[in-house]
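A.B. asks: If it helps, the file is called start-v6.cif and holds mmCIF, C-alpha atoms and all ligand atoms:
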data_upload
loop_
_atom_site.label_atom_id
_atom_site.label_comp_id
_atom_site.auth_asym_id
_atom_site.auth_seq_id
_atom_site.Cartn_x
_atom_site.Cartn_y
_atom_site.Cartn_z
CA MET L 27 0.00 0.00 0.00
CA SER L 28 1.45 3.34 -0.92
CA PHE L 29 1.68 5.83 1.88
CA SER L 30 0.92 9.44 1.03
CA ARG L 31 3.11 12.08 2.62
CA SER L 32 1.01 14.96 1.38
CA GLN L 33 -0.11 17.06 4.31
CA SER L 34 -2.37 19.97 4.74
CA ARG L 35 -0.61 22.76 6.64
CA VAL L 36 -0.76 22.38 10.40
CA GLN L 37 -2.75 25.19 12.01
CA VAL L 38 -1.78 26.38 15.46
CA PRO L 39 -4.99 26.58 17.55
CA ALA L 40 -5.74 30.21 18.47
CA ALA L 41 -6.11 29.29 22.15
CA LEU L 42 -2.60 27.80 22.20
CA ALA L 43 -1.10 30.84 20.46
CA ALA L 44 -2.83 33.07 23.04
CA SER L 45 -1.96 30.94 26.06
CA GLN L 46 1.33 32.76 26.76
CA ASP L 47 2.83 36.20 26.20
CA GLY L 48 6.23 37.26 25.03
CA ASP L 49 8.41 37.31 21.95
CA ALA L 50 9.88 33.84 22.52
CA TRP L 51 6.41 32.26 22.63
CA ARG L 52 5.27 34.16 19.52
CA ALA L 53 8.39 33.07 17.65
CA TRP L 54 7.90 29.45 18.71
CA THR L 55 4.24 29.31 17.67
CA ALA L 56 5.05 31.03 14.37
CA ALA L 57 7.65 28.34 13.62
CA LEU L 58 5.37 25.46 14.71
CA PRO L 59 3.77 24.61 11.32
CA ALA L 60 7.20 24.20 9.72
CA LEU L 61 8.48 22.17 12.67
CA ALA L 62 5.43 19.90 12.51
CA LYS L 63 5.87 19.45 8.75
CA GLU L 64 9.54 18.57 9.23
CA PHE L 65 8.73 15.77 11.68
CA LEU L 66 5.65 14.51 9.83
CA ASP L 67 7.97 13.98 6.85
CA ARG L 68 10.94 12.67 8.82
CA TRP L 69 8.91 10.04 10.67
CA SER L 70 6.53 9.25 7.73
CA LEU L 71 3.40 10.35 9.55
CA ARG L 72 -0.04 11.34 8.32
CA LEU L 73 -2.36 13.71 10.17
CA ASP L 74 -5.36 11.90 11.60
CA GLY L 75 -7.75 14.34 13.20
CA PRO L 76 -7.92 17.76 14.85
CA PRO L 77 -5.04 18.93 17.06
CA ALA L 78 -5.17 18.95 20.85
CA HIS L 79 -3.18 21.20 23.14
CA GLY L 80 -2.61 22.15 26.75
CA ALA L 81 -1.09 25.42 27.92
CA VAL L 82 2.24 24.56 26.29
CA ALA L 83 2.21 21.67 23.85
CA LEU L 84 0.65 21.08 20.43
CA VAL L 85 -0.48 17.45 20.10
CA LEU L 86 -1.30 16.15 16.63
CA PRO L 87 -3.05 12.79 16.17
CA VAL L 88 -1.11 10.92 13.49
CA LEU L 89 -0.91 7.59 11.73
CA GLN L 90 2.43 5.91 11.20
CA ALA L 91 3.32 4.13 7.96
CA GLU L 92 3.28 1.03 10.15
CA GLY L 93 2.32 0.67 13.77
CA PRO L 94 -0.44 1.75 16.12
CA PRO L 95 -2.12 5.19 16.14
CA ALA L 96 0.19 7.82 17.59
CA VAL L 97 0.40 11.53 18.41
CA LEU L 98 3.13 14.00 17.56
CA LYS L 99 3.80 16.24 20.57
CA LEU L 100 5.65 19.52 20.03
CA GLN L 101 6.67 21.86 22.85
CA PRO L 102 9.38 24.45 23.50
CA VAL L 103 12.53 23.06 25.08
CA ASP L 104 13.11 24.46 28.56
CA GLU L 105 14.25 23.19 31.96
CA GLU L 106 10.78 21.82 32.72
CA THR L 107 10.08 20.06 29.44
CA GLN L 108 13.49 18.82 28.37
CA GLY L 109 13.48 15.74 30.64
CA GLU L 110 10.15 14.37 29.32
CA PRO L 111 11.52 11.88 26.76
CA LEU L 112 14.09 10.55 29.25
CA ALA L 113 11.48 10.11 31.98
CA LEU L 114 9.05 8.32 29.65
CA ARG L 115 11.82 6.01 28.45
CA VAL L 116 12.85 5.16 32.01
CA TRP L 117 9.27 4.53 33.16
CA GLY L 118 8.60 2.33 30.13
CA ALA L 119 5.04 1.92 28.92
CA ARG L 120 3.54 0.15 31.92
CA HIS L 121 2.40 3.19 33.90
CA ALA L 122 3.05 5.97 31.40
CA VAL L 123 2.42 6.68 27.74
CA ALA L 124 4.85 4.82 25.46
CA LEU L 125 7.55 6.93 23.82
CA LEU L 126 7.92 5.81 20.20
CA ASP L 127 10.55 8.29 19.03
CA SER L 128 11.96 11.63 20.09
CA ALA L 129 14.08 14.55 18.96
CA PRO L 130 14.93 16.09 22.36
CA ASP L 131 16.76 19.12 20.96
CA SER L 132 13.64 20.11 18.99
CA GLY L 133 11.09 19.39 21.74
CA VAL L 134 9.34 16.84 19.52
CA MET L 135 8.13 13.38 20.54
CA LEU L 136 6.19 10.62 18.87
CA LEU L 137 3.96 9.04 21.50
CA GLU L 138 1.54 6.18 21.56
CA ARG L 139 -2.02 7.50 21.13
CA LEU L 140 -4.12 7.24 24.28
CA ASP L 141 -7.84 7.86 24.73
CA ALA L 142 -7.96 11.65 25.15
CA ALA L 143 -11.70 11.46 25.87
CA ARG L 144 -11.02 9.35 28.98
CA SER L 145 -8.84 11.24 31.44
CA LEU L 146 -9.17 10.96 35.21
CA ALA L 147 -11.10 14.24 34.97
CA THR L 148 -14.01 12.18 33.59
CA VAL L 149 -14.20 9.99 36.71
CA SER L 150 -16.98 11.77 38.56
CA ASP L 151 -16.48 10.08 41.95
CA GLY L 152 -13.88 12.37 43.55
CA THR L 153 -12.56 9.74 45.96
CA ALA L 154 -12.16 7.12 43.24
CA ALA L 155 -10.35 9.58 40.97
CA LEU L 156 -7.96 10.58 43.75
CA GLU L 157 -7.30 6.94 44.65
CA ARG L 158 -6.47 6.07 41.04
CA LEU L 159 -4.16 9.06 40.74
CA SER L 160 -2.44 8.18 44.02
CA GLU L 161 -1.94 4.56 42.95
CA LEU L 162 -0.33 5.82 39.78
CA LEU L 163 1.93 8.19 41.74
CA ALA L 164 3.06 5.27 43.91
CA GLN L 165 4.00 3.24 40.82
CA LEU L 166 5.80 6.11 39.12
CA ALA L 167 7.72 6.94 42.30
CA ALA L 168 8.92 3.34 42.68
CA VAL L 169 11.43 4.10 39.92
CA PRO L 170 14.79 5.71 40.75
CA ALA L 171 15.57 8.87 38.78
CA PRO L 172 18.14 8.55 36.01
CA ALA L 173 21.15 10.87 35.94
CA GLY L 174 20.72 14.12 34.08
CA LEU L 175 17.42 15.41 35.49
CA ARG L 176 17.03 18.57 37.55
CA LEU L 177 17.24 17.91 41.27
CA LEU L 178 14.69 18.75 43.94
CA SER L 179 17.62 19.64 46.25
CA ASP L 180 18.75 22.41 43.85
CA ILE L 181 15.20 23.66 43.37
CA ALA L 182 14.56 23.70 47.13
CA ARG L 183 17.78 25.58 47.93
CA ALA L 184 17.10 28.17 45.26
CA MET L 185 13.58 28.72 46.65
CA ILE L 186 14.79 29.21 50.20
CA ASP L 187 17.41 31.72 49.04
CA ARG L 188 14.76 33.87 47.34
CA VAL L 189 12.28 34.02 50.24
CA PRO L 190 13.73 37.01 52.15
CA THR L 191 13.71 39.27 49.07
CA TYR L 192 10.50 37.99 47.53
CA SER L 193 8.40 38.13 50.68
CA ARG L 194 9.00 41.90 50.89
CA SER L 195 6.61 42.21 47.94
CA LEU L 196 3.72 40.82 49.99
CA ALA L 197 1.40 43.41 51.48
CA ASP L 198 0.02 41.25 54.31
CA PRO L 199 2.45 40.42 57.17
CA SER L 200 0.64 37.14 57.85
CA GLU L 201 1.37 36.05 54.26
CA ARG L 202 5.04 37.01 54.74
CA ARG L 203 5.10 34.82 57.84
CA LEU L 204 3.44 31.98 55.95
CA LEU L 205 6.12 32.11 53.28
CA ALA L 206 8.83 32.01 55.96
CA THR L 207 7.10 29.01 57.59
CA CYS L 208 7.04 27.17 54.26
CA ALA L 209 10.73 27.94 53.76
CA ALA L 210 11.57 26.68 57.27
CA ALA L 211 9.70 23.41 56.60
CA VAL L 212 11.68 22.87 53.39
CA ARG L 213 14.97 23.71 55.10
CA GLU L 214 14.38 20.85 57.55
CA LEU L 215 14.10 18.39 54.66
CA LEU L 216 17.06 19.60 52.62
CA ASP L 217 19.47 16.89 53.77
CA GLU L 218 17.09 14.16 52.48
CA PRO L 219 15.76 15.42 49.14
CA GLY L 220 15.03 11.93 47.73
CA ASP L 221 16.12 10.18 44.55
CA ARG L 222 12.93 9.04 42.83
CA LEU L 223 11.79 9.88 39.32
CA LEU L 224 9.09 12.50 39.89
CA HIS L 225 6.40 13.60 37.45
CA TRP L 226 5.80 17.00 39.09
CA ASP L 227 2.52 17.76 37.28
CA LEU L 228 0.22 14.79 37.90
CA HIS L 229 -3.29 16.23 37.83
CA TYR L 230 -6.39 14.60 36.38
CA ASP L 231 -5.94 15.91 32.83
CA ASN L 232 -2.48 14.37 32.72
CA VAL L 233 -3.77 10.85 33.36
CA LEU L 234 -5.36 9.11 30.36
CA ALA L 235 -6.71 5.63 29.68
CA PRO L 236 -5.07 3.59 26.94
CA LEU L 237 -6.95 2.93 23.73
CA PRO L 238 -8.73 -0.44 24.06
CA SER L 239 -6.47 -1.82 21.30
CA SER L 240 -3.32 -1.12 23.34
CA GLN L 241 -4.62 -2.39 26.69
CA VAL L 242 -2.58 -5.52 27.31
CA ALA L 243 -2.37 -7.75 30.37
CA GLY L 244 -0.28 -6.26 33.13
CA ARG L 245 -0.69 -2.72 31.88
CA ALA L 246 -2.12 -0.11 34.23
CA PRO L 247 -5.67 1.12 33.44
CA TRP L 248 -4.51 4.74 33.80
CA LEU L 249 -1.34 6.15 32.30
CA ALA L 250 0.65 9.30 32.99
CA ILE L 251 1.36 11.83 30.25
CA ASP L 252 3.14 15.17 30.28
CA PRO L 253 5.81 14.83 33.01
CA LYS L 254 8.05 17.75 33.87
CA PRO L 255 10.43 15.39 35.58
CA LEU L 256 12.91 15.86 38.37
CA ALA L 257 14.74 13.71 40.90
CA GLY L 258 13.45 13.89 44.45
CA ASP L 259 11.05 12.82 47.18
CA PRO L 260 7.56 11.65 46.04
CA ALA L 261 6.18 13.77 48.85
CA PHE L 262 6.75 16.73 46.50
CA GLU L 263 4.09 15.32 44.11
CA LEU L 264 0.83 15.95 45.98
CA LEU L 265 -0.10 19.55 45.22
CA PRO L 266 -1.50 19.28 41.68
CA ALA L 267 -4.05 16.70 42.86
CA LEU L 268 -4.83 18.58 46.08
CA ARG L 269 -5.82 21.52 43.87
CA ASN L 270 -7.86 19.50 41.37
CA ARG L 271 -11.62 20.16 41.44
CA TRP L 272 -11.08 23.06 43.78
CA ASP L 273 -14.78 23.93 43.76
CA ASP L 274 -15.44 20.71 45.69
CA VAL L 275 -13.07 21.96 48.40
CA ILE L 276 -14.30 25.50 48.77
CA THR L 277 -17.94 24.47 48.89
CA ALA L 278 -17.22 22.02 51.72
CA ALA L 279 -18.51 22.95 55.17
CA ASP L 280 -14.95 22.85 56.53
CA VAL L 281 -12.38 23.77 53.87
CA SER L 282 -9.32 22.76 55.92
CA ARG L 283 -10.86 19.43 56.70
CA ALA L 284 -11.65 18.79 53.04
CA ILE L 285 -8.02 19.53 52.11
CA ARG L 286 -6.70 17.27 54.88
CA HIS L 287 -9.06 14.51 53.77
CA ARG L 288 -7.45 14.57 50.33
CA PHE L 289 -3.97 14.77 51.84
CA HIS L 290 -4.58 11.81 54.14
CA LEU L 291 -6.05 9.72 51.34
CA MET L 292 -3.04 10.43 49.11
CA THR L 293 -0.38 9.82 51.77
CA GLU L 294 -2.13 6.59 52.79
CA VAL L 295 -2.36 5.18 49.26
CA ILE L 296 1.16 6.27 48.25
CA GLY L 297 2.61 5.19 51.59
CA LEU L 298 4.19 8.52 52.53
CA ASP L 299 5.19 9.72 55.96
CA ARG L 300 2.66 12.46 56.72
CA GLU L 301 5.10 14.88 58.27
CA ARG L 302 7.52 14.74 55.34
CA ALA L 303 4.62 14.94 52.91
CA ALA L 304 3.33 18.07 54.66
CA GLY L 305 6.81 19.62 54.57
CA TRP L 306 7.37 18.99 50.87
CA THR L 307 3.83 20.09 50.03
CA LEU L 308 4.55 23.37 51.81
CA GLY L 309 7.61 23.48 49.55
CA ARG L 310 5.38 23.08 46.54
CA VAL L 311 3.11 25.87 47.79
CA LEU L 312 6.25 27.98 48.19
CA GLN L 313 7.28 27.27 44.62
CA ASN L 314 3.91 28.46 43.29
CA CYS L 315 3.88 31.54 45.52
CA LEU L 316 7.38 32.58 44.43
CA TRP L 317 6.37 32.29 40.78
CA ASP L 318 3.33 34.46 41.40
CA ILE L 319 5.44 37.08 43.18
CA GLU L 320 7.92 36.99 40.31
CA ASP L 321 4.97 37.75 38.02
CA GLY L 322 4.09 40.80 40.11
CA ALA L 323 1.64 39.43 42.71
CA VAL L 324 1.45 41.29 46.05
CA THR L 325 -0.99 38.81 47.62
CA LEU L 326 -0.93 35.01 47.63
CA GLN L 327 -3.54 32.91 45.87
CA PRO L 328 -6.25 31.84 48.33
CA GLU L 329 -5.96 28.19 47.31
CA GLN L 330 -2.23 28.20 48.11
CA THR L 331 -2.73 29.75 51.53
CA ALA L 332 -5.69 27.44 52.26
CA ILE L 333 -3.59 24.35 51.48
CA ALA L 334 -0.63 25.60 53.52
CA ARG L 335 -2.80 26.51 56.52
CA ALA L 336 -4.68 23.19 56.41
CA LEU L 337 -1.40 21.29 56.57
CA LEU L 338 0.08 23.48 59.31
CA ASP L 339 -2.98 23.05 61.52
CA PRO L 340 -3.66 19.31 61.59
N1 LIG H 1 -0.54 10.33 23.99
C1 LIG H 1 -1.64 11.04 23.82
N2 LIG H 1 -2.74 10.51 23.23
C2 LIG H 1 -3.86 11.22 23.06
N3 LIG H 1 -3.99 12.51 23.43
C3 LIG H 1 -2.95 13.11 24.03
C4 LIG H 1 -1.72 12.42 24.26
N4 LIG H 1 -0.86 13.26 24.87
C5 LIG H 1 -1.51 14.42 25.02
N5 LIG H 1 -2.77 14.35 24.52
C6 LIG H 1 -3.79 15.42 24.53
O1 LIG H 1 -3.14 16.69 24.40
C7 LIG H 1 -3.37 17.51 25.56
C8 LIG H 1 -2.11 18.30 25.87
O2 LIG H 1 -1.01 17.43 26.04
P1 LIG H 1 -0.03 17.49 27.29
O3 LIG H 1 1.02 16.46 27.04
O4 LIG H 1 -0.81 17.35 28.55
O5 LIG H 1 0.63 18.94 27.15
P2 LIG H 1 0.53 20.30 28.03
O6 LIG H 1 1.89 20.42 28.66
O7 LIG H 1 0.30 21.38 27.04
O8 LIG H 1 -0.57 20.14 29.04
C9 LIG H 1 -3.75 16.50 26.64
O9 LIG H 1 -4.52 17.12 27.65
C10 LIG H 1 -4.53 15.47 25.86
O10 LIG H 1 -5.85 15.91 25.59
MG MG H 2 -0.95 18.51 30.27
#
Here is a file; write its structure as structure tokens.

C.D. replies:
Amino acid sequence: MSFSRSQSRVQVPAALAASQDGDAWRAWTAALPALAKEFLDRWSLRLDGPPAHGAVALVLPVLQAEGPPAVLKLQPVDEETQGEPLALRVWGARHAVALLDSAPDSGVMLLERLDAARSLATVSDGTAALERLSELLAQLAAVPAPAGLRLLSDIARAMIDRVPTYSRSLADPSERRLLATCAAAVRELLDEPGDRLLHWDLHYDNVLAPLPSSQVAGRAPWLAIDPKPLAGDPAFELLPALRNRWDDVITAADVSRAIRHRFHLMTEVIGLDRERAAGWTLGRVLQNCLWDIEDGAVTLQPEQTAIARALLDP
């Protein structure tokens, strides 16, 4: 059977183009159609449906000349994204999407196609969804990190160093104190930063079911996509899921209790020491808060302070 390489031009979805500001982003999105064309040709791929995207990546459903349905994922190369192909290779396909090919310097990967209509976000029972995500985190964190990834120890030290200067931007003294408390909790954990392969961004949209055709015996029913990997303690992994479906938390009669319920469920299923998990989660709150301050914030996001206060007041 002859395989046609003719392609219609790849269109960058307007929402992806508008998802970030700045010249570097504009230049990257402008170059995306040519980059996609280059890799469609290089890997003998044919477009097979409308593109998907998150806040960063363009994901094109494709057919290979031979082999199962796939997607071509294109994203800018930066310190968060550059470890993705390595992490997926090390995890293998059992608990994460299979990596079929990659061009790490270009930020382009060929991935097994999963069922994008079935993410953990579609599991309406909140407890069941959180249990499935936690089981997956436990499996992913069973794997030691390979050399070459960014280290939680470096990230943690850099955060602590920035706190004195950054907290001066905060208008409310109680928020300045909260930032200092988070930094103190992280400082206590610095001599044991962990050595596991961490995903860093495991929320419900980043967990997909395999296509029925690729579900084989022994394979997990839910698979991780989109890691921004680092080496460290799995206790640093909880925040994205604590924040998922935030409306369910803030409409609870007791917000702190609802947060702690999630935290206890996750630490139980993953098998984490609660005190360490609280400390590293405060570290993750700190990371988000410092980013916000860097972007000009003078107050902290209520969800960040709510999570921190719930964990400090057990
Ligand atoms: N392997 C895959 N199979 C099917 N759809 C995918 C796959 N990987 C990503 N997608 C779709 O593309 C979206 C964005 O991809 P993702 O890797 O999460 O990038 P981002 O960093 O932009 O969130 C996902 O939410 C999902 O809908
Ligand atoms: Mg994503």

A.B. asks: Identify which of the residues L:Gly258, L:Pro236, L:Leu156, L:Thr325 lies closest to L:Ala124, counting all atoms listed in the file when measuring atom-to-atom distances.

C.D. replies: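 Selected residue with least distance to L:Ala124: L:Pro236.
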
A.B. asks: How would you report the residues lying within 10 Å of ligand LIG 1 (chain H), as a VMD selection string, if you count only C-alpha atoms and all ligand atoms?

C.D. replies: chain L and resid 42 45 77 to 88 95 to 102 106 to 107 110 122 to 125 135 to 145 227 to 237 249 to 254

A.B. asks: List every protein, DNA or RNA residue that has an atom no more than 9 Å from (0.2, 34.6, 49.8) in the file's coordinate frame, counting all atoms listed in the file, and report them as a list of chain:residue names.

C.D. replies: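 Protein, DNA and RNA residues close to (0.2, 34.6, 49.8): L:Ser193, L:Leu196, L:Asp198, L:Ser200, L:Glu201, L:Arg202, L:Leu204, L:Leu205, L:Cys315, L:Asp318, L:Ile319, L:Ala323, L:Val324, L:Thr325, L:Leu326, L:Gln327, L:Pro328, L:Gln330, L:Thr331.
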
A.B. asks: Quick one: of L:Ala332, L:Val38, L:Ala147, L:Val134, who's nearest to ligand MG 2 (chain H), counting only C-alpha atoms and all ligand atoms?

C.D. replies: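 The shortest atom-to-atom distance to ligand MG 2 (chain H) comes from L:Ala147.
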
A.B. asks: For L:Arg269, which residue among L:Ala304, L:Cys208, L:Ile333, L:Gln313 is the nearest when counting all atoms listed in the file?

C.D. replies: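 The shortest atom-to-atom distance to L:Arg269 comes from L:Ile333.
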
A.B. asks: Please report the interatomic distance between atom CA of L:Arg120 and atom CA of L:Ser179 in Å with one decimal.

C.D. replies: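 Between atom CA of L:Arg120 and atom CA of L:Ser179 the gap is 28.0 Å.
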
A.B. asks: Suppose you want the space between atom CA of L:Gly244 and atom CA of L:Ala155; what is it in Å?

C.D. replies: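 Value for the atom CA of L:Gly244-atom CA of L:Ala155 distance: 20.3 Å.
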
A.B. asks: Report the distance between atom CA of L:Pro170 and atom CA of L:Ala257 in Å, rounded to one decimal place.

C.D. replies: 8.0 Å

A.B. asks: Identify which of the residues L:Leu223, L:Leu291, L:Leu312, L:Leu264 lies closest to L:Gly152, counting only C-alpha atoms when measuring atom-to-atom distances.

C.D. replies: L:Leu291

A.B. asks: Given all atoms listed in the file as the basis, pick out the residue of L:Gly322, L:Glu64, L:Trp226, L:Leu58 nearest to ligand MG 2 (chain H).

C.D. replies: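 Looking at the shortest contact to ligand MG 2 (chain H), the residue is L:Trp226.
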
A.B. asks: Taking all atoms listed in the file into account, name the residue in L:Asn314, L:Ser282, L:Gln241, L:Thr293 that is nearest to L:Pro266.

C.D. replies: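 Nearest to L:Pro266: L:Asn314.
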
A.B. asks: If the box runs along x, y and z of the file and leaves 3 Å on each side of stretch 274-282 of chain L, what are its centre and edge lengths in Å, one decimal, as AutoDock Vina command-line options?

C.D. replies:
--center_x -13.9 --center_y 23.1 --center_z 51.1 --size_x 15.2 --size_y 10.8 --size_z 16.8
